[in-house]
>>> print(open('target_22.pdb').read())   # PDB, C-alpha atoms
MODEL        1
ATOM      1  CA  MET A 421     -13.875   9.009  -1.308  1.00  0.00           C
ATOM      2  CA  GLU A 422     -12.581   5.683  -2.637  1.00  0.00           C
ATOM      3  CA  TYR A 423      -9.310   5.297  -4.546  1.00  0.00           C
ATOM      4  CA  ARG A 424      -8.317   1.882  -5.870  1.00  0.00           C
ATOM      5  CA  ARG A 425      -7.164  -0.138  -8.852  1.00  0.00           C
ATOM      6  CA  ALA A 426      -9.839  -0.340 -11.528  1.00  0.00           C
ATOM      7  CA  LEU A 427     -11.811  -3.552 -11.717  1.00  0.00           C
ATOM      8  CA  GLN A 428     -12.632  -5.579 -14.798  1.00  0.00           C
ATOM      9  CA  GLY A 429     -15.868  -4.219 -16.175  1.00  0.00           C
ATOM     10  CA  GLU A 430     -15.017  -0.572 -15.379  1.00  0.00           C
ATOM     11  CA  CYS A 431     -13.339   0.163 -18.709  1.00  0.00           C
ATOM     12  CA  GLU A 432     -16.443   1.799 -20.184  1.00  0.00           C
ATOM     13  CA  ARG A 433     -16.872   4.162 -17.217  1.00  0.00           C
ATOM     14  CA  VAL A 434     -13.226   5.225 -17.410  1.00  0.00           C
ATOM     15  CA  TYR A 435     -13.450   5.592 -21.185  1.00  0.00           C
ATOM     16  CA  GLN A 436     -16.524   7.849 -20.869  1.00  0.00           C
ATOM     17  CA  LEU A 437     -14.841  10.024 -18.219  1.00  0.00           C
ATOM     18  CA  VAL A 438     -11.681  10.435 -20.311  1.00  0.00           C
ATOM     19  CA  GLN A 439     -13.550  11.151 -23.536  1.00  0.00           C
ATOM     20  CA  GLU A 440     -15.871  13.685 -21.859  1.00  0.00           C
ATOM     21  CA  THR A 441     -12.906  15.428 -20.238  1.00  0.00           C
ATOM     22  CA  ILE A 442     -10.910  15.667 -23.456  1.00  0.00           C
ATOM     23  CA  THR A 443     -13.958  16.862 -25.395  1.00  0.00           C
ATOM     24  CA  ALA A 444     -14.778  19.548 -22.815  1.00  0.00           C
ATOM     25  CA  VAL A 445     -11.276  20.834 -22.041  1.00  0.00           C
ATOM     26  CA  TYR A 446      -8.834  20.197 -24.876  1.00  0.00           C
ATOM     27  CA  PRO A 447     -10.512  22.337 -27.581  1.00  0.00           C
ATOM     28  CA  ARG A 448      -9.509  25.397 -25.509  1.00  0.00           C
ATOM     29  CA  TYR A 449      -5.843  24.450 -26.009  1.00  0.00           C
ATOM     30  CA  TYR A 450      -5.547  22.477 -29.242  1.00  0.00           C
ATOM     31  CA  PRO A 451      -6.863  22.452 -32.828  1.00  0.00           C
ATOM     32  CA  GLU A 452      -9.560  19.919 -33.683  1.00  0.00           C
ATOM     33  CA  GLU A 453      -7.211  17.371 -35.267  1.00  0.00           C
ATOM     34  CA  VAL A 454      -5.023  17.294 -32.149  1.00  0.00           C
ATOM     35  CA  VAL A 455      -8.099  16.820 -29.959  1.00  0.00           C
ATOM     36  CA  GLU A 456      -9.029  13.871 -32.197  1.00  0.00           C
ATOM     37  CA  PHE A 457      -5.516  12.482 -31.729  1.00  0.00           C
ATOM     38  CA  PHE A 458      -5.966  12.569 -27.929  1.00  0.00           C
ATOM     39  CA  LEU A 459      -9.412  10.974 -28.181  1.00  0.00           C
ATOM     40  CA  CYS A 460      -7.896   8.073 -30.159  1.00  0.00           C
ATOM     41  CA  LEU A 461      -4.822   7.808 -27.934  1.00  0.00           C
ATOM     42  CA  HIS A 462      -7.065   7.390 -24.904  1.00  0.00           C
ATOM     43  CA  GLY A 463      -9.480   5.014 -26.581  1.00  0.00           C
ATOM     44  CA  ARG A 464     -11.124   1.903 -25.156  1.00  0.00           C
ATOM     45  CA  GLU A 465      -8.394  -0.458 -26.326  1.00  0.00           C
ATOM     46  CA  ASN A 466      -5.612   1.437 -24.537  1.00  0.00           C
ATOM     47  CA  ILE A 467      -7.675   1.873 -21.393  1.00  0.00           C
ATOM     48  CA  GLN A 468      -8.549  -1.831 -21.400  1.00  0.00           C
ATOM     49  CA  ARG A 469      -4.861  -2.693 -21.866  1.00  0.00           C
ATOM     50  CA  ASP A 470      -3.971  -0.702 -18.738  1.00  0.00           C
ATOM     51  CA  LEU A 471      -6.865  -2.256 -16.840  1.00  0.00           C
ATOM     52  CA  ASP A 472      -5.794  -5.781 -17.823  1.00  0.00           C
ATOM     53  CA  ALA A 473      -2.222  -5.077 -16.705  1.00  0.00           C
ATOM     54  CA  ARG A 474      -3.478  -3.657 -13.366  1.00  0.00           C
ATOM     55  CA  ARG A 475      -1.977  -0.241 -14.165  1.00  0.00           C
ATOM     56  CA  LEU A 476      -5.267   1.681 -14.042  1.00  0.00           C
ATOM     57  CA  TRP A 477      -6.514   3.450 -10.897  1.00  0.00           C
ATOM     58  CA  VAL A 478      -9.861   5.096 -10.252  1.00  0.00           C
ATOM     59  CA  LEU A 479     -11.186   7.657  -7.786  1.00  0.00           C
ATOM     60  CA  PHE A 480     -14.837   7.684  -6.741  1.00  0.00           C
ATOM     61  CA  GLU A 481     -16.819  10.182  -4.710  1.00  0.00           C
ATOM     62  CA  GLU A 482     -19.723   8.145  -3.399  1.00  0.00           C
ATOM     63  CA  ASP A 483     -20.677   6.109  -6.484  1.00  0.00           C
ATOM     64  CA  GLU A 484     -19.537   8.663  -9.078  1.00  0.00           C
ATOM     65  CA  LEU A 485     -16.276   8.229 -10.990  1.00  0.00           C
ATOM     66  CA  VAL A 486     -14.338  11.460 -10.440  1.00  0.00           C
ATOM     67  CA  GLY A 487     -10.947  10.705 -11.951  1.00  0.00           C
ATOM     68  CA  THR A 488      -8.420   8.181 -13.122  1.00  0.00           C
ATOM     69  CA  GLY A 489      -4.717   7.657 -13.656  1.00  0.00           C
ATOM     70  CA  SER A 490      -2.346   4.945 -14.808  1.00  0.00           C
ATOM     71  CA  LEU A 491       1.134   3.921 -13.747  1.00  0.00           C
ATOM     72  CA  ARG A 492       3.546   1.816 -15.785  1.00  0.00           C
ATOM     73  CA  LYS A 493       6.725   1.356 -13.751  1.00  0.00           C
ATOM     74  CA  ASP A 494       7.953   4.953 -13.238  1.00  0.00           C
ATOM     75  CA  HIS A 495       5.704   6.479 -15.919  1.00  0.00           C
ATOM     76  CA  ILE A 496       2.441   8.182 -14.981  1.00  0.00           C
ATOM     77  CA  THR A 497      -0.151   8.390 -17.742  1.00  0.00           C
ATOM     78  CA  ARG A 498      -3.778   9.179 -18.392  1.00  0.00           C
ATOM     79  CA  VAL A 499      -4.479  11.365 -15.365  1.00  0.00           C
ATOM     80  CA  PHE A 500      -7.936  12.809 -15.902  1.00  0.00           C
ATOM     81  CA  VAL A 501     -10.469  14.418 -13.601  1.00  0.00           C
ATOM     82  CA  HIS A 502     -13.961  15.011 -14.918  1.00  0.00           C
ATOM     83  CA  PRO A 503     -14.546  18.749 -15.567  1.00  0.00           C
ATOM     84  CA  ARG A 504     -17.259  18.954 -12.873  1.00  0.00           C
ATOM     85  CA  PHE A 505     -14.692  17.929 -10.265  1.00  0.00           C
ATOM     86  CA  GLN A 506     -11.656  19.895 -11.429  1.00  0.00           C
ATOM     87  CA  GLY A 507     -10.109  22.478  -9.142  1.00  0.00           C
ATOM     88  CA  LYS A 508     -11.024  20.567  -5.965  1.00  0.00           C
ATOM     89  CA  GLY A 509      -7.760  18.705  -5.342  1.00  0.00           C
ATOM     90  CA  TYR A 510      -8.720  15.396  -6.935  1.00  0.00           C
ATOM     91  CA  GLY A 511      -5.988  15.610  -9.588  1.00  0.00           C
ATOM     92  CA  SER A 512      -3.369  16.273  -6.922  1.00  0.00           C
ATOM     93  CA  PHE A 513      -4.694  13.349  -4.889  1.00  0.00           C
ATOM     94  CA  ILE A 514      -4.451  10.986  -7.861  1.00  0.00           C
ATOM     95  CA  LEU A 515      -0.941  12.203  -8.700  1.00  0.00           C
ATOM     96  CA  GLN A 516       0.241  11.845  -5.099  1.00  0.00           C
ATOM     97  CA  SER A 517      -1.160   8.330  -4.937  1.00  0.00           C
ATOM     98  CA  LEU A 518       0.542   7.313  -8.195  1.00  0.00           C
ATOM     99  CA  GLU A 519       3.804   8.941  -7.054  1.00  0.00           C
ATOM    100  CA  ASP A 520       3.625   7.046  -3.750  1.00  0.00           C
ATOM    101  CA  GLU A 521       3.080   3.779  -5.616  1.00  0.00           C
ATOM    102  CA  ALA A 522       6.021   4.451  -7.955  1.00  0.00           C
ATOM    103  CA  ALA A 523       8.261   5.487  -5.035  1.00  0.00           C
ATOM    104  CA  LYS A 524       8.125   1.915  -3.752  1.00  0.00           C
ATOM    105  CA  GLU A 525      10.565   1.001  -6.548  1.00  0.00           C
ATOM    106  CA  TYR A 526      11.795   4.170  -8.265  1.00  0.00           C
ATOM    107  CA  GLN A 527      13.632   7.368  -7.356  1.00  0.00           C
ATOM    108  CA  LYS A 528      11.696   9.542  -9.800  1.00  0.00           C
ATOM    109  CA  VAL A 529       8.599   9.509 -11.974  1.00  0.00           C
ATOM    110  CA  GLN A 530       8.006  10.859 -15.431  1.00  0.00           C
ATOM    111  CA  LEU A 531       5.000  11.867 -17.500  1.00  0.00           C
ATOM    112  CA  GLU A 532       4.021  13.689 -20.657  1.00  0.00           C
ATOM    113  CA  ALA A 533       2.219  16.932 -19.930  1.00  0.00           C
ATOM    114  CA  SER A 534      -0.680  18.118 -22.037  1.00  0.00           C
ATOM    115  CA  LEU A 535      -1.236  21.875 -22.007  1.00  0.00           C
ATOM    116  CA  PRO A 536      -4.302  21.677 -19.726  1.00  0.00           C
ATOM    117  CA  ALA A 537      -2.361  19.761 -17.050  1.00  0.00           C
ATOM    118  CA  GLU A 538       1.051  21.409 -17.290  1.00  0.00           C
ATOM    119  CA  GLY A 539       0.343  23.955 -14.536  1.00  0.00           C
ATOM    120  CA  LEU A 540      -0.795  21.272 -12.104  1.00  0.00           C
ATOM    121  CA  TYR A 541       2.371  19.268 -12.689  1.00  0.00           C
ATOM    122  CA  GLU A 542       4.579  22.307 -12.187  1.00  0.00           C
ATOM    123  CA  LYS A 543       2.807  23.162  -8.920  1.00  0.00           C
ATOM    124  CA  ARG A 544       3.463  19.609  -7.756  1.00  0.00           C
ATOM    125  CA  GLY A 545       7.214  19.906  -8.364  1.00  0.00           C
ATOM    126  CA  TYR A 546       7.617  18.445 -11.842  1.00  0.00           C
ATOM    127  CA  THR A 547      10.302  19.937 -14.046  1.00  0.00           C
ATOM    128  CA  THR A 548      10.683  19.820 -17.814  1.00  0.00           C
ATOM    129  CA  ALA A 549      13.135  17.135 -18.916  1.00  0.00           C
ATOM    130  CA  GLU A 550      12.472  17.505 -22.641  1.00  0.00           C
ATOM    131  CA  ILE A 551      10.275  19.384 -25.074  1.00  0.00           C
ATOM    132  CA  CYS A 552       8.885  16.881 -27.549  1.00  0.00           C
ATOM    133  CA  ARG A 553       7.320  17.248 -30.974  1.00  0.00           C
ATOM    134  CA  TRP A 554       4.761  14.965 -32.621  1.00  0.00           C
ATOM    135  CA  GLU A 555       3.891  15.732 -36.214  1.00  0.00           C
ATOM    136  CA  GLN A 556       0.365  14.821 -37.251  1.00  0.00           C
ATOM    137  CA  LYS A 557      -0.477  13.342 -40.654  1.00  0.00           C
ATOM    138  CA  SER A 558      -2.128  16.630 -41.615  1.00  0.00           C
ATOM    139  CA  GLY A 559       1.068  18.533 -40.896  1.00  0.00           C
ATOM    140  CA  ALA A 560      -0.114  19.982 -37.597  1.00  0.00           C
ATOM    141  CA  VAL A 561       2.514  19.704 -34.890  1.00  0.00           C
ATOM    142  CA  LEU A 562       1.805  18.817 -31.276  1.00  0.00           C
ATOM    143  CA  PHE A 563       4.383  20.115 -28.827  1.00  0.00           C
ATOM    144  CA  TYR A 564       4.380  18.709 -25.312  1.00  0.00           C
ATOM    145  CA  LYS A 565       6.710  18.385 -22.374  1.00  0.00           C
ATOM    146  CA  ARG A 566       8.158  15.261 -20.868  1.00  0.00           C
ATOM    147  CA  MET A 567       8.365  16.108 -17.189  1.00  0.00           C
ATOM    148  CA  GLU A 568       9.864  14.375 -14.193  1.00  0.00           C
ATOM    149  CA  LYS A 569       9.906  14.584 -10.432  1.00  0.00           C
ATOM    150  CA  GLN A 570      12.044  13.102  -7.690  1.00  0.00           C
ATOM    151  CA  VAL A 571       9.776  10.974  -5.492  1.00  0.00           C
ATOM    152  CA  LYS A 572      12.260   9.277  -3.231  1.00  0.00           C
ATOM    153  CA  THR A 573      15.586  10.534  -2.040  1.00  0.00           C
ATOM    154  CA  LYS A 574      18.448   8.232  -1.284  1.00  0.00           C
ATOM    155  CA  VAL A 575      19.051   8.077   2.424  1.00  0.00           C
ATOM    156  CA  LEU A 576      22.644   7.907   3.527  1.00  0.00           C
ATOM    157  CA  VAL A 577      23.020   6.157   6.832  1.00  0.00           C
ATOM    158  CA  GLU A 578      25.705   7.765   8.923  1.00  0.00           C
ATOM    159  CA  SER A 579      26.747   6.866  12.403  1.00  0.00           C
ATOM    160  CA  LEU A 580      25.786   9.466  14.950  1.00  0.00           C
ATOM    161  CA  THR A 581      28.746   8.510  17.132  1.00  0.00           C
ATOM    162  CA  PRO A 582      32.236   8.241  15.723  1.00  0.00           C
ATOM    163  CA  SER A 583      33.804   4.842  15.670  1.00  0.00           C
ATOM    164  CA  PRO A 584      36.637   4.347  18.148  1.00  0.00           C
ATOM    165  CA  TRP A 585      38.648   2.556  15.443  1.00  0.00           C
TER     166      TRP A 585
ENDMDL
END
>>> encode(input="target_22.pdb", output="structure tokens")
Amino acid sequence: MEYRRALQGECERVYQLVQETITAVYPRYYPEEVVEFFLCLHGRENIQRDLDARRLWVLFEEDELVGTGSLRKDHITRVFVHPRFQGKGYGSFILQSLEDEAAKEYQKVQLEASLPAEGLYEKRGYTTAEICRWEQKSGAVLFYKRMEKQVKTKVLVESLTPSPW
């Protein structure tokens, strides 16, 4: 298994993984127009933008791209695991890796949870900070949760021996 920042030239592979995952999984949870919204949101241009800013991470099993995730400061986005590899711990691995990276500078992380991923986030200790609403042009409404998780606790340094003063 290899986990690393995505390299220039890998945008198309990530794009294909994300599009295939959305197309295979999201229709079980959302109407067609919302699925189309997600396909556009996670289009080539946005993936390339994350790649250029070095915010895009990839996970390979041998030479096959298994999953991906992005991190912008304390905000985790675009965590996807190809349907053939779901349920094997890869999503948790990607999340833990992104959380560890964020914990270098931040106390907590946040993300927006799609319905297919909400259970995974809850199992990993995320809590709902806000229920959000996004109205589509057609009038359909997408509800989603903004979730957060503490990734680093403040350590209070206390003397183990009382001061004589």
>>> resolve_selection(input="target_22.pdb", expression="the PyMOL selection byres ((chain A and resi 435) around 8)", output="JSON list (two decimals) with C-alpha atoms, in the coordinates of the input")
[["chain", "number", "residue", "atom", "x", "y", "z"],
["A", 431, "CYS", "CA", -13.34, 0.16, -18.71],
["A", 432, "GLU", "CA", -16.44, 1.80, -20.18],
["A", 433, "ARG", "CA", -16.87, 4.16, -17.22],
["A", 434, "VAL", "CA", -13.23, 5.22, -17.41],
["A", 436, "GLN", "CA", -16.52, 7.85, -20.87],
["A", 437, "LEU", "CA", -14.84, 10.02, -18.22],
["A", 438, "VAL", "CA", -11.68, 10.44, -20.31],
["A", 439, "GLN", "CA", -13.55, 11.15, -23.54],
["A", 462, "HIS", "CA", -7.06, 7.39, -24.90],
["A", 463, "GLY", "CA", -9.48, 5.01, -26.58],
["A", 464, "ARG", "CA", -11.12, 1.90, -25.16],
["A", 467, "ILE", "CA", -7.68, 1.87, -21.39]]
>>> resolve_selection(input="target_22.pdb", expression="the PyMOL selection byres ((chain A and resi 566) around 6)", output="list in words")
Leu531, Glu532, Ala549, Glu550, Lys565 and Met567 of chain A
>>> resolve_selection(input="target_22.pdb", expression="the PyMOL selection byres ((chain A and resi 498) around 9)", output="list in words")
Val438, His462, Ile467, Leu476, Thr488, Gly489, Ser490, Leu491, Ile496, Thr497, Val499 and Phe500 of chain A
>>> closest_residue(input="target_22.pdb", among="A:Arg424, A:Arg469, A:His502, A:Arg474", to="Glu440 (chain A)", atoms="only C-alpha atoms")
A:His502
>>> atom_distance(input="target_22.pdb", atom1="CA of Val561 (chain A)", atom2="CA of Gly539 (chain A)")
20.9 Å
>>> residues_around(input="target_22.pdb", residues="Glu422 (chain A)", least_positions_apart="6", cutoff="7 Å", atoms="all atoms listed in the file", output="VMD selection string")
chain A and resid 479 to 481
>>> residues_around(input="target_22.pdb", residues="Gly511 (chain A)", least_positions_apart="4", cutoff="12 Å", atoms="all atoms listed in the file", output="ChimeraX atom specification")
/A:423,478-479,486-489,498-503,505-507,515-518,536-541,543-544
>>> closest_residue(input="target_22.pdb", among="A:Gln527, A:Phe458, A:Ala444, A:Ile551", to="Phe563 (chain A)", atoms="only C-alpha atoms")
A:Ile551
>>> closest_residue(input="target_22.pdb", among="A:Tyr564, A:Pro451, A:Asp483, A:Leu461", to="Cys552 (chain A)", atoms="only C-alpha atoms")
A:Tyr564
>>> residues_around(input="target_22.pdb", residues="Glu519 (chain A)", least_positions_apart="3", cutoff="10 Å", atoms="only C-alpha atoms", output="compact mmCIF listing (two decimals) with C-alpha atoms, in the coordinates of the input")
# COMPACT_ATOMS: atom_id res chain seq x y z
CA LEU A 491 1.13 3.92 -13.75
CA ASP A 494 7.95 4.95 -13.24
CA HIS A 495 5.70 6.48 -15.92
CA ILE A 496 2.44 8.18 -14.98
CA PHE A 513 -4.69 13.35 -4.89
CA ILE A 514 -4.45 10.99 -7.86
CA LEU A 515 -0.94 12.20 -8.70
CA GLN A 516 0.24 11.84 -5.10
CA ALA A 522 6.02 4.45 -7.96
CA ALA A 523 8.26 5.49 -5.04
CA LYS A 524 8.12 1.92 -3.75
CA TYR A 526 11.80 4.17 -8.26
CA GLN A 527 13.63 7.37 -7.36
CA LYS A 528 11.70 9.54 -9.80
CA VAL A 529 8.60 9.51 -11.97
CA GLN A 530 8.01 10.86 -15.43
CA LYS A 569 9.91 14.58 -10.43
CA GLN A 570 12.04 13.10 -7.69
CA VAL A 571 9.78 10.97 -5.49
CA LYS A 572 12.26 9.28 -3.23
>>> residues_around(input="target_22.pdb", residues="Gly559 (chain A)", least_positions_apart="4", cutoff="12 Å", atoms="only C-alpha atoms", output="CSV table (one decimal) with C-alpha atoms, keeping the file's coordinate frame")
chain,number,residue,atom,x,y,z
A,451,PRO,CA,-6.9,22.5,-32.8
A,453,GLU,CA,-7.2,17.4,-35.3
A,454,VAL,CA,-5.0,17.3,-32.1
A,553,ARG,CA,7.3,17.2,-31.0
A,554,TRP,CA,4.8,15.0,-32.6
A,555,GLU,CA,3.9,15.7,-36.2
>>> build_atoms(input="target_22.pdb", residues="region 533-555 of chain A", atoms="N, CA and C atoms", output="CSV table (one decimal), in the frame of the given file")
chain,number,residue,atom,x,y,z
A,533,ALA,N,3.2,15.9,-20.4
A,533,ALA,CA,2.2,16.9,-19.9
A,533,ALA,C,1.5,17.5,-21.1
A,534,SER,N,0.2,17.4,-21.1
A,534,SER,CA,-0.7,18.1,-22.0
A,534,SER,C,-0.8,19.6,-21.5
A,535,LEU,N,-1.1,20.5,-22.4
A,535,LEU,CA,-1.2,21.9,-22.0
A,535,LEU,C,-2.2,22.1,-20.8
A,536,PRO,N,-3.4,21.4,-20.8
A,536,PRO,CA,-4.3,21.7,-19.7
A,536,PRO,C,-3.7,21.3,-18.4
A,537,ALA,N,-2.9,20.3,-18.3
A,537,ALA,CA,-2.4,19.8,-17.0
A,537,ALA,C,-1.0,20.3,-16.6
A,538,GLU,N,-0.3,21.0,-17.5
A,538,GLU,CA,1.1,21.4,-17.3
A,538,GLU,C,1.2,22.2,-16.0
A,539,GLY,N,0.3,23.1,-15.7
A,539,GLY,CA,0.3,24.0,-14.5
A,539,GLY,C,0.2,23.1,-13.3
A,540,LEU,N,-0.7,22.2,-13.3
A,540,LEU,CA,-0.8,21.3,-12.1
A,540,LEU,C,0.5,20.5,-11.8
A,541,TYR,N,1.1,20.0,-12.9
A,541,TYR,CA,2.4,19.3,-12.7
A,541,TYR,C,3.5,20.2,-12.2
A,542,GLU,N,3.6,21.4,-12.7
A,542,GLU,CA,4.6,22.3,-12.2
A,542,GLU,C,4.4,22.6,-10.7
A,543,LYS,N,3.1,22.9,-10.3
A,543,LYS,CA,2.8,23.2,-8.9
A,543,LYS,C,3.2,22.0,-8.0
A,544,ARG,N,3.1,20.8,-8.6
A,544,ARG,CA,3.5,19.6,-7.8
A,544,ARG,C,4.9,19.2,-7.8
A,545,GLY,N,5.8,20.1,-8.4
A,545,GLY,CA,7.2,19.9,-8.4
A,545,GLY,C,7.8,19.2,-9.6
A,546,TYR,N,7.1,19.0,-10.6
A,546,TYR,CA,7.6,18.4,-11.8
A,546,TYR,C,8.4,19.5,-12.6
A,547,THR,N,9.5,19.1,-13.2
A,547,THR,CA,10.3,19.9,-14.0
A,547,THR,C,10.4,19.4,-15.5
A,548,THR,N,10.6,20.2,-16.4
A,548,THR,CA,10.7,19.8,-17.8
A,548,THR,C,12.0,19.1,-18.1
A,549,ALA,N,11.9,17.9,-18.5
A,549,ALA,CA,13.1,17.1,-18.9
A,549,ALA,C,13.4,17.3,-20.4
A,550,GLU,N,12.3,17.4,-21.2
A,550,GLU,CA,12.5,17.5,-22.6
A,550,GLU,C,11.2,18.1,-23.3
A,551,ILE,N,11.4,18.9,-24.3
A,551,ILE,CA,10.3,19.4,-25.1
A,551,ILE,C,10.2,18.5,-26.3
A,552,CYS,N,9.1,17.9,-26.5
A,552,CYS,CA,8.9,16.9,-27.5
A,552,CYS,C,8.0,17.4,-28.6
A,553,ARG,N,8.1,16.8,-29.8
A,553,ARG,CA,7.3,17.2,-31.0
A,553,ARG,C,6.7,16.0,-31.6
A,554,TRP,N,5.4,16.1,-31.9
A,554,TRP,CA,4.8,15.0,-32.6
A,554,TRP,C,4.0,15.6,-33.8
A,555,GLU,N,4.5,15.2,-35.0
A,555,GLU,CA,3.9,15.7,-36.2
A,555,GLU,C,2.7,14.9,-36.6
